[in-house]
>>> print(open('data-v5.tsv').read())   # TSV, C-alpha atoms and all ligand atoms
chain	number	residue	atom	x	y	z
A	16	MET	CA	-45.55	-55.78	-59.57
A	17	TYR	CA	-43.46	-56.31	-56.48
A	18	THR	CA	-39.94	-57.30	-55.48
A	19	ARG	CA	-38.51	-60.41	-53.89
A	20	ILE	CA	-35.38	-59.80	-51.89
A	21	ASN	CA	-32.59	-61.81	-50.33
A	22	GLN	CA	-33.70	-62.89	-46.86
A	23	ARG	CA	-30.40	-61.65	-45.41
A	24	ASN	CA	-31.35	-58.10	-46.43
A	25	LEU	CA	-34.77	-58.09	-44.79
A	26	THR	CA	-35.24	-55.55	-42.01
A	27	SER	CA	-36.45	-56.93	-38.70
A	28	LEU	CA	-39.85	-55.43	-39.50
A	29	GLN	CA	-39.94	-57.22	-42.86
A	30	ARG	CA	-38.94	-60.46	-41.17
A	31	SER	CA	-41.74	-60.22	-38.65
A	32	ARG	CA	-44.31	-59.23	-41.29
A	33	PHE	CA	-43.45	-62.28	-43.38
A	34	VAL	CA	-43.66	-64.57	-40.35
A	35	ARG	CA	-46.95	-63.02	-39.24
A	36	ALA	CA	-48.52	-63.47	-42.67
A	37	VAL	CA	-47.46	-67.14	-42.81
A	38	LEU	CA	-48.83	-67.75	-39.31
A	39	GLU	CA	-52.10	-66.06	-40.23
A	40	ILE	CA	-52.58	-68.38	-43.21
A	41	LYS	CA	-51.93	-71.29	-40.86
A	42	ARG	CA	-54.37	-69.90	-38.27
A	43	ARG	CA	-57.07	-69.65	-40.92
A	44	GLY	CA	-56.59	-73.32	-41.77
A	45	ALA	CA	-55.47	-72.33	-45.27
A	46	TYR	CA	-51.86	-73.51	-45.08
A	47	GLU	CA	-52.45	-77.27	-45.29
A	48	LYS	CA	-53.78	-77.07	-48.81
A	49	TYR	CA	-50.29	-76.10	-50.00
A	50	VAL	CA	-48.75	-79.08	-48.25
A	51	SER	CA	-51.33	-81.49	-49.62
A	52	LEU	CA	-51.16	-80.03	-53.12
A	53	HIS	CA	-47.37	-80.38	-53.18
A	54	SER	CA	-47.69	-83.96	-51.94
A	55	LYS	CA	-50.25	-84.79	-54.55
A	56	TYR	CA	-48.13	-83.57	-57.46
A	57	PHE	CA	-44.83	-84.91	-56.16
A	58	ALA	CA	-44.92	-88.03	-58.32
A	59	ALA	CA	-41.98	-90.40	-58.62
A	60	ASP	CA	-40.66	-91.75	-61.91
A	61	GLY	CA	-41.88	-95.24	-61.18
A	62	GLU	CA	-45.48	-94.27	-60.71
A	63	SER	CA	-47.66	-94.18	-63.77
A	64	GLY	CA	-49.27	-91.09	-65.17
A	65	LEU	CA	-48.29	-87.48	-65.43
A	66	ARG	CA	-45.26	-86.13	-63.55
A	67	VAL	CA	-45.68	-82.48	-62.73
A	68	ALA	CA	-43.83	-80.96	-59.79
A	69	HIS	CA	-40.75	-83.14	-59.62
A	70	MET	CA	-38.60	-85.38	-61.82
A	71	ALA	CA	-40.09	-83.58	-64.79
A	72	PRO	CA	-39.44	-80.55	-67.02
A	73	THR	CA	-42.19	-78.62	-65.25
A	74	PHE	CA	-40.12	-78.56	-62.05
A	75	PHE	CA	-39.39	-74.83	-62.63
A	76	PRO	CA	-42.70	-73.54	-64.05
A	77	TRP	CA	-44.84	-75.61	-61.70
A	78	HIS	CA	-43.02	-74.34	-58.61
A	79	ARG	CA	-43.12	-70.78	-59.99
A	80	GLN	CA	-46.90	-71.00	-60.21
A	81	PHE	CA	-47.09	-72.74	-56.81
A	82	LEU	CA	-45.08	-69.92	-55.17
A	83	LEU	CA	-47.16	-67.27	-56.94
A	84	THR	CA	-50.33	-68.84	-55.58
A	85	PHE	CA	-49.00	-68.90	-52.04
A	86	GLU	CA	-47.53	-65.41	-52.35
A	87	ARG	CA	-50.89	-64.01	-53.49
A	88	GLU	CA	-52.50	-65.46	-50.40
A	89	LEU	CA	-49.75	-63.99	-48.20
A	90	ARG	CA	-50.41	-60.63	-49.81
A	91	THR	CA	-54.11	-60.81	-48.98
A	92	VAL	CA	-52.98	-60.92	-45.35
A	93	ASP	CA	-50.33	-58.20	-45.75
A	94	PRO	CA	-49.95	-56.53	-49.16
A	95	GLY	CA	-46.39	-55.53	-48.30
A	96	VAL	CA	-45.13	-59.10	-47.99
A	97	THR	CA	-43.31	-61.09	-50.68
A	98	ILE	CA	-41.44	-64.40	-50.50
A	99	PRO	CA	-37.79	-63.74	-49.69
A	100	TYR	CA	-35.14	-65.97	-51.19
A	101	TRP	CA	-32.45	-67.94	-49.38
A	102	ASP	CA	-29.14	-67.96	-51.22
A	103	TRP	CA	-27.66	-71.06	-49.61
A	104	THR	CA	-24.34	-70.53	-51.39
A	105	THR	CA	-23.70	-67.62	-49.02
A	106	ASP	CA	-25.91	-68.33	-46.00
A	107	SER	CA	-24.59	-71.82	-45.67
A	108	SER	CA	-24.56	-72.68	-41.99
A	109	ALA	CA	-26.91	-73.38	-39.11
A	110	SER	CA	-25.74	-70.15	-37.49
A	111	SER	CA	-26.86	-67.82	-40.28
A	112	SER	CA	-29.48	-65.24	-39.31
A	113	LEU	CA	-32.06	-67.11	-41.39
A	114	TRP	CA	-32.42	-69.46	-38.43
A	115	ASP	CA	-32.79	-66.80	-35.73
A	116	ASP	CA	-35.64	-66.87	-33.24
A	117	ASP	CA	-37.50	-64.05	-35.00
A	118	PHE	CA	-37.49	-65.74	-38.39
A	119	MET	CA	-37.28	-69.44	-39.31
A	120	GLY	CA	-36.17	-70.68	-35.88
A	121	GLY	CA	-33.31	-73.08	-35.36
A	122	ASN	CA	-32.26	-76.66	-35.81
A	123	GLY	CA	-34.12	-79.65	-34.40
A	124	ARG	CA	-32.96	-81.06	-31.08
A	125	THR	CA	-30.86	-84.22	-31.12
A	126	SER	CA	-33.32	-86.55	-29.43
A	127	ASP	CA	-36.27	-86.27	-31.79
A	128	GLY	CA	-35.45	-83.55	-34.31
A	129	GLN	CA	-38.06	-81.22	-32.85
A	130	VAL	CA	-37.51	-77.51	-33.61
A	131	MET	CA	-37.54	-75.80	-30.20
A	132	THR	CA	-36.99	-72.15	-31.13
A	133	GLY	CA	-38.69	-69.53	-33.27
A	134	PRO	CA	-42.26	-68.96	-34.41
A	135	PHE	CA	-42.68	-72.43	-35.93
A	136	ALA	CA	-41.69	-74.39	-32.82
A	137	TYR	CA	-44.59	-76.67	-31.87
A	138	ARG	CA	-44.35	-75.77	-28.19
A	139	TYR	CA	-45.43	-72.17	-28.92
A	140	GLY	CA	-48.68	-73.43	-30.35
A	141	ALA	CA	-48.93	-71.67	-33.70
A	142	TRP	CA	-47.46	-74.37	-35.94
A	143	PRO	CA	-49.01	-77.80	-35.39
A	144	ILE	CA	-48.39	-80.12	-38.33
A	145	THR	CA	-51.60	-81.73	-39.43
A	146	TYR	CA	-50.77	-83.01	-42.91
A	147	GLY	CA	-47.66	-85.08	-43.39
A	148	VAL	CA	-46.12	-88.41	-44.16
A	149	THR	CA	-45.15	-88.99	-40.52
A	150	GLU	CA	-47.14	-88.85	-37.32
A	151	GLU	CA	-45.17	-86.04	-35.71
A	152	ARG	CA	-47.21	-82.98	-34.93
A	153	TYR	CA	-44.05	-80.90	-34.42
A	154	LEU	CA	-41.76	-79.43	-37.07
A	155	THR	CA	-38.46	-81.29	-37.39
A	156	ARG	CA	-35.03	-80.40	-38.80
A	157	ASN	CA	-31.69	-82.18	-38.86
A	158	MET	CA	-29.28	-79.66	-40.34
A	159	GLY	CA	-26.24	-81.01	-42.10
A	160	ARG	CA	-27.42	-84.61	-41.64
A	161	PRO	CA	-24.82	-85.44	-38.93
A	162	ASP	CA	-25.04	-89.21	-39.40
A	163	ARG	CA	-23.92	-88.84	-43.05
A	164	PRO	CA	-22.69	-85.24	-43.19
A	165	ILE	CA	-23.42	-83.10	-46.23
A	166	ARG	CA	-22.77	-79.44	-47.04
A	167	LEU	CA	-24.97	-76.95	-48.77
A	168	PRO	CA	-24.15	-76.47	-52.46
A	169	THR	CA	-21.39	-73.98	-53.25
A	170	LYS	CA	-21.38	-71.09	-55.68
A	171	ALA	CA	-18.95	-73.05	-57.87
A	172	GLU	CA	-21.42	-75.92	-58.09
A	173	LEU	CA	-24.24	-73.55	-58.94
A	174	ASP	CA	-22.14	-71.75	-61.57
A	175	ASP	CA	-21.24	-75.11	-63.08
A	176	ALA	CA	-24.90	-76.06	-63.45
A	177	LEU	CA	-25.72	-72.66	-64.96
A	178	THR	CA	-23.34	-73.31	-67.87
A	179	MET	CA	-25.66	-76.03	-69.21
A	180	ALA	CA	-27.42	-74.63	-72.26
A	181	VAL	CA	-29.99	-77.38	-72.78
A	182	TYR	CA	-33.07	-76.99	-70.59
A	183	ASP	CA	-33.98	-80.68	-70.30
A	184	THR	CA	-33.55	-83.88	-72.27
A	185	SER	CA	-35.07	-87.29	-72.77
A	186	PRO	CA	-36.06	-89.25	-70.73
A	187	TRP	CA	-37.28	-86.08	-68.94
A	188	ASN	CA	-37.13	-87.65	-65.50
A	189	SER	CA	-34.60	-88.22	-62.71
A	190	ALA	CA	-32.19	-90.42	-64.68
A	191	PRO	CA	-28.70	-89.57	-63.40
A	192	SER	CA	-27.26	-89.59	-66.90
A	193	THR	CA	-29.23	-86.76	-68.43
A	194	LYS	CA	-27.48	-83.58	-69.53
A	195	GLY	CA	-30.26	-81.09	-69.01
A	196	PHE	CA	-30.11	-78.03	-66.77
A	197	ARG	CA	-33.41	-78.89	-65.05
A	198	ASN	CA	-32.30	-82.31	-63.87
A	199	LYS	CA	-28.92	-80.95	-62.78
A	200	ILE	CA	-30.48	-78.22	-60.65
A	201	GLU	CA	-33.26	-80.42	-59.33
A	202	GLY	CA	-30.48	-82.67	-58.19
A	203	TRP	CA	-30.89	-86.22	-59.39
A	204	THR	CA	-27.50	-86.29	-61.12
A	205	VAL	CA	-25.57	-86.85	-57.89
A	206	SER	CA	-26.29	-89.81	-55.66
A	207	ASP	CA	-28.16	-89.54	-52.42
A	208	THR	CA	-25.08	-90.51	-50.41
A	209	GLN	CA	-23.82	-87.04	-51.33
A	210	GLY	CA	-27.23	-85.55	-50.69
A	211	GLY	CA	-27.98	-85.08	-54.38
A	212	TYR	CA	-27.11	-82.03	-56.41
A	213	LEU	CA	-28.28	-78.47	-55.68
A	214	HIS	CA	-32.03	-78.41	-55.02
A	215	ASN	CA	-32.34	-81.87	-53.50
A	216	ARG	CA	-29.28	-81.43	-51.33
A	217	VAL	CA	-30.75	-78.31	-49.72
A	218	HIS	CA	-33.84	-80.29	-48.73
A	219	GLN	CA	-31.58	-83.03	-47.35
A	220	TRP	CA	-29.35	-80.54	-45.53
A	221	VAL	CA	-32.26	-78.97	-43.64
A	222	GLY	CA	-33.64	-82.44	-43.02
A	223	GLY	CA	-36.74	-83.40	-41.07
A	224	HIS	CA	-39.92	-82.21	-42.75
A	225	MET	CA	-37.98	-80.63	-45.60
A	226	ILE	CA	-37.33	-84.13	-46.94
A	227	GLY	CA	-40.03	-85.52	-49.14
A	228	ALA	CA	-43.42	-84.73	-50.53
A	229	SER	CA	-44.82	-82.71	-47.62
A	230	SER	CA	-41.80	-80.39	-47.40
A	231	PRO	CA	-43.87	-77.15	-47.44
A	232	ASN	CA	-44.62	-77.99	-43.79
A	233	ASP	CA	-41.32	-76.21	-43.15
A	234	PRO	CA	-41.76	-72.54	-44.14
A	235	VAL	CA	-38.13	-72.40	-45.27
A	236	PHE	CA	-39.43	-74.37	-48.27
A	237	TRP	CA	-40.69	-71.08	-49.78
A	238	LEU	CA	-37.35	-69.32	-49.32
A	239	HIS	CA	-35.47	-72.24	-50.85
A	240	HIS	CA	-37.80	-72.37	-53.83
A	241	ALA	CA	-37.69	-68.61	-54.36
A	242	PHE	CA	-33.95	-69.04	-54.86
A	243	ILE	CA	-34.53	-71.98	-57.21
A	244	ASP	CA	-36.87	-69.67	-59.13
A	245	LEU	CA	-34.17	-66.99	-59.26
A	246	ILE	CA	-31.74	-69.60	-60.57
A	247	TRP	CA	-34.12	-70.24	-63.46
A	248	VAL	CA	-34.17	-66.48	-64.13
A	249	ARG	CA	-30.37	-66.39	-64.17
A	250	TRP	CA	-30.24	-69.35	-66.54
A	251	GLN	CA	-32.67	-67.64	-68.93
A	252	ARG	CA	-30.48	-64.55	-68.90
A	253	LEU	CA	-27.33	-66.58	-69.60
A	254	HIS	CA	-28.91	-68.63	-72.38
A	255	PRO	CA	-31.27	-66.33	-74.28
A	256	LYS	CA	-31.38	-68.73	-77.24
A	257	SER	CA	-32.39	-71.71	-75.10
A	258	SER	CA	-35.94	-72.39	-74.13
A	259	TYR	CA	-38.13	-74.74	-72.19
A	260	LEU	CA	-38.27	-78.31	-73.48
A	261	PRO	CA	-40.09	-80.35	-74.65
A	262	SER	CA	-41.59	-77.70	-76.90
A	263	LYS	CA	-44.18	-80.10	-78.35
A	264	PRO	CA	-46.07	-83.04	-76.85
A	265	LEU	CA	-43.97	-86.21	-77.09
A	266	ALA	CA	-44.78	-88.69	-79.85
A	267	SER	CA	-47.13	-91.50	-78.92
A	268	LYS	CA	-44.32	-94.07	-79.30
A	269	ASP	CA	-42.14	-92.22	-76.76
A	270	PRO	CA	-42.13	-94.09	-73.42
A	271	GLN	CA	-42.61	-90.71	-71.71
A	272	HIS	CA	-45.67	-89.87	-73.82
A	273	GLY	CA	-48.42	-88.55	-71.58
A	274	ARG	CA	-46.09	-88.31	-68.61
A	275	VAL	CA	-44.56	-84.86	-69.08
A	276	ILE	CA	-45.90	-81.43	-69.97
A	277	SER	CA	-44.69	-79.53	-73.03
A	278	THR	CA	-44.63	-75.75	-73.54
A	279	GLU	CA	-48.31	-75.25	-74.36
A	280	ASP	CA	-49.90	-78.05	-72.33
A	281	THR	CA	-51.53	-77.04	-69.07
A	282	MET	CA	-50.12	-77.79	-65.64
A	283	PRO	CA	-52.54	-79.22	-63.10
A	284	PRO	CA	-54.01	-78.12	-60.82
A	285	PHE	CA	-53.44	-74.56	-61.98
A	286	GLY	CA	-54.58	-74.89	-65.58
A	287	VAL	CA	-51.61	-72.70	-66.51
A	288	ARG	CA	-49.25	-73.41	-69.42
A	289	PRO	CA	-45.52	-73.43	-68.79
A	290	SER	CA	-45.21	-70.68	-71.41
A	291	ALA	CA	-47.46	-68.40	-69.36
A	292	VAL	CA	-44.86	-68.20	-66.59
A	293	PHE	CA	-41.63	-68.11	-68.61
A	294	ASP	CA	-41.30	-64.40	-67.92
A	295	HIS	CA	-41.52	-63.69	-64.19
A	296	ARG	CA	-41.24	-59.91	-64.71
A	297	LYS	CA	-44.94	-59.48	-65.29
A	298	TYR	CA	-45.46	-60.57	-61.67
A	299	TYR	CA	-42.36	-59.61	-59.69
A	300	THR	CA	-38.68	-58.82	-59.93
A	301	TYR	CA	-35.68	-59.93	-57.92
A	302	GLU	CA	-33.37	-57.63	-56.07
A	303	GLU	CA	-30.12	-59.53	-56.48
A	304	ASN	CA	-27.39	-59.24	-53.93
B	401	CU1	CU	-41.45	-79.36	-54.79
B	402	CU1	CU	-37.97	-78.53	-53.43
>>> encode(input="data-v5.tsv", output="C-alpha cells", more="lines below")
Ligand code: CU1
Ligand code: CU1
Amino acid sequence: MYTRINQRNLTSLQRSRFVRAVLEIKRRGAYEKYVSLHSKYFAADGESGLRVAHMAPTFFPWHRQFLLTFERELRTVDPGVTIPYWDWTTDSSASSSLWDDDFMGGNGRTSDGQVMTGPFAYRYGAWPITYGVTEERYLTRNMGRPDRPIRLPTKAELDDALTMAVYDTSPWNSAPSTKGFRNKIEGWTVSDTQGGYLHNRVHQWVGGHMIGASSPNDPVFWLHHAFIDLIWVRWQRLHPKSSYLPSKPLASKDPQHGRVISTEDTMPPFGVRPSAVFDHRKYYTYEEN
C-alpha cells in the first residue's frame, strides 16, 4: 500500500527520484514495451475486433492496470517512488512547475517541436525515442496548440462530467452522442476543433508525442493518467449505486458483440478482469489536494 500525490506537492527530492526511476527503466531498455503495448491496444472504432484501451468501457480499468504495471517496475528501481498525478484544472499553463527543468522539462521549440530542456530533452542523451508513429528521435511538445489554440479543461467542465451517473452506454465507443461518464471523460463528446473533452484535450494541449497511440513516449502521460484514474475514484465516490457497464457480455446480435469487455471478462494483455481493479485501495491511495 502506498500513496500517490499531486505533483505540485512533491518535494524536490521526490521529483528527482521519480525522474531517476523513469530514466533507469529507459536505460535498461524496459520503457519501450509500455509504448508499444499502449500502441497495440489503442484500437479505433473502425477497426475490427476487440477495443480495449480506448473508445471502450475498459478505458478506466485498462489504464489503471497499465499504470499499476509501470508503477511496480518503477518501484523495483526505487521502492519510494509512486506515480504523481497532474491536476490540469489547477496547473493549467506552460509555466507551471510541472514543466521545470528538474521534472518534465518544457515546451517544444517552435521550429520542430523538440523539447530542449529537462531530463527528457533528446540533446542530453537519456531519452531517445525508439518506438513511435513518427521518425523523430526527439521528444516533441506543442503546448496549447498555437495554430488552433485550446485550453486545458476547467474544474467546471470536470465537475459537469462527474455528475453523470451512468458509467457507459451503447454503442460503447466514441460516438459523440452517448451519455455515459466514460465517453465524456475520455473526450469524444466534443469535436476535435475544440480539442475534445477532458482526457483527449489534455493530450492535444501538450501536443507532439502526447497525441496518438504512442503517447507514453512523453513521461507526462503517466501523470495525466494518474489524474484520470483519480477522476474515476471520485466518480465512484459520488455515485455509489452506479457500477461499471456492460455488466454482462453483449448479446450475439449486438453490433458491439465481441468488441468490448464486460465486468468479468479479462482484459488483454494483463488477463485481469475489470472487476479486479474496481477498488484501487487495495493497491494505493490518493492524497487529494
Ligand atoms: Cu491510453
Ligand atoms: Cu490518454
>>> residues_around(input="data-v5.tsv", residues="segment 89-99 of chain A", least_positions_apart="4", cutoff="6 Å", atoms="all atoms listed in the file", output="ChimeraX atom specification")
/A:19-22,33,36,238
>>> closest_residue(input="data-v5.tsv", among="A:Arg252, A:Pro270, A:Gly227, A:Glu302", to="ligand CU1 402 (chain B)", atoms="all atoms listed in the file")
A:Gly227
>>> residues_around(input="data-v5.tsv", residues="Asp127 of chain A", least_positions_apart="4", cutoff="10 Å", atoms="all atoms listed in the file", output="compact mmCIF listing (two decimals) with C-alpha atoms, in the frame of the given file")
# COMPACT_ATOMS: atom_id res chain seq x y z
CA GLY A 123 -34.12 -79.65 -34.40
CA GLU A 151 -45.17 -86.04 -35.71
CA TYR A 153 -44.05 -80.90 -34.42
CA THR A 155 -38.46 -81.29 -37.39
CA ARG A 156 -35.03 -80.40 -38.80
CA ASN A 157 -31.69 -82.18 -38.86
CA GLY A 223 -36.74 -83.40 -41.07
>>> residues_near_ligand(input="data-v5.tsv", ligand="ligand CU1 401 (chain B)", cutoff="8 Å", atoms="all atoms listed in the file", output="list in words")
His53, Phe57, Ala68, His69, Phe74, His78, Ala228, Ser230 and His240 of chain A
>>> residues_near_ligand(input="data-v5.tsv", ligand="ligand CU1 402 (chain B)", cutoff="8 Å", atoms="all atoms listed in the file", output="count of residues only")
8
>>> residues_near_point(input="data-v5.tsv", point="(-27.1, -77.0, -64.8)", cutoff="7 Å", atoms="all atoms listed in the file", output="number ranges by chain")
A: 175-179, 195-197, 199-200
>>> atom_distance(input="data-v5.tsv", atom1="atom CA of Asn24 of chain A", atom2="atom CA of Glu86 of chain A")
18.7 Å
>>> atom_distance(input="data-v5.tsv", atom1="atom CA of Glu150 of chain A", atom2="atom CA of Leu52 of chain A")
18.5 Å
>>> atom_distance(input="data-v5.tsv", atom1="atom CA of Ser257 of chain A", atom2="atom CA of Val181 of chain A")
6.6 Å
>>> closest_residue(input="data-v5.tsv", among="A:Tyr212, A:Trp237, A:Trp77, A:Tyr139", to="Thr169 of chain A", atoms="all atoms listed in the file")
A:Tyr212
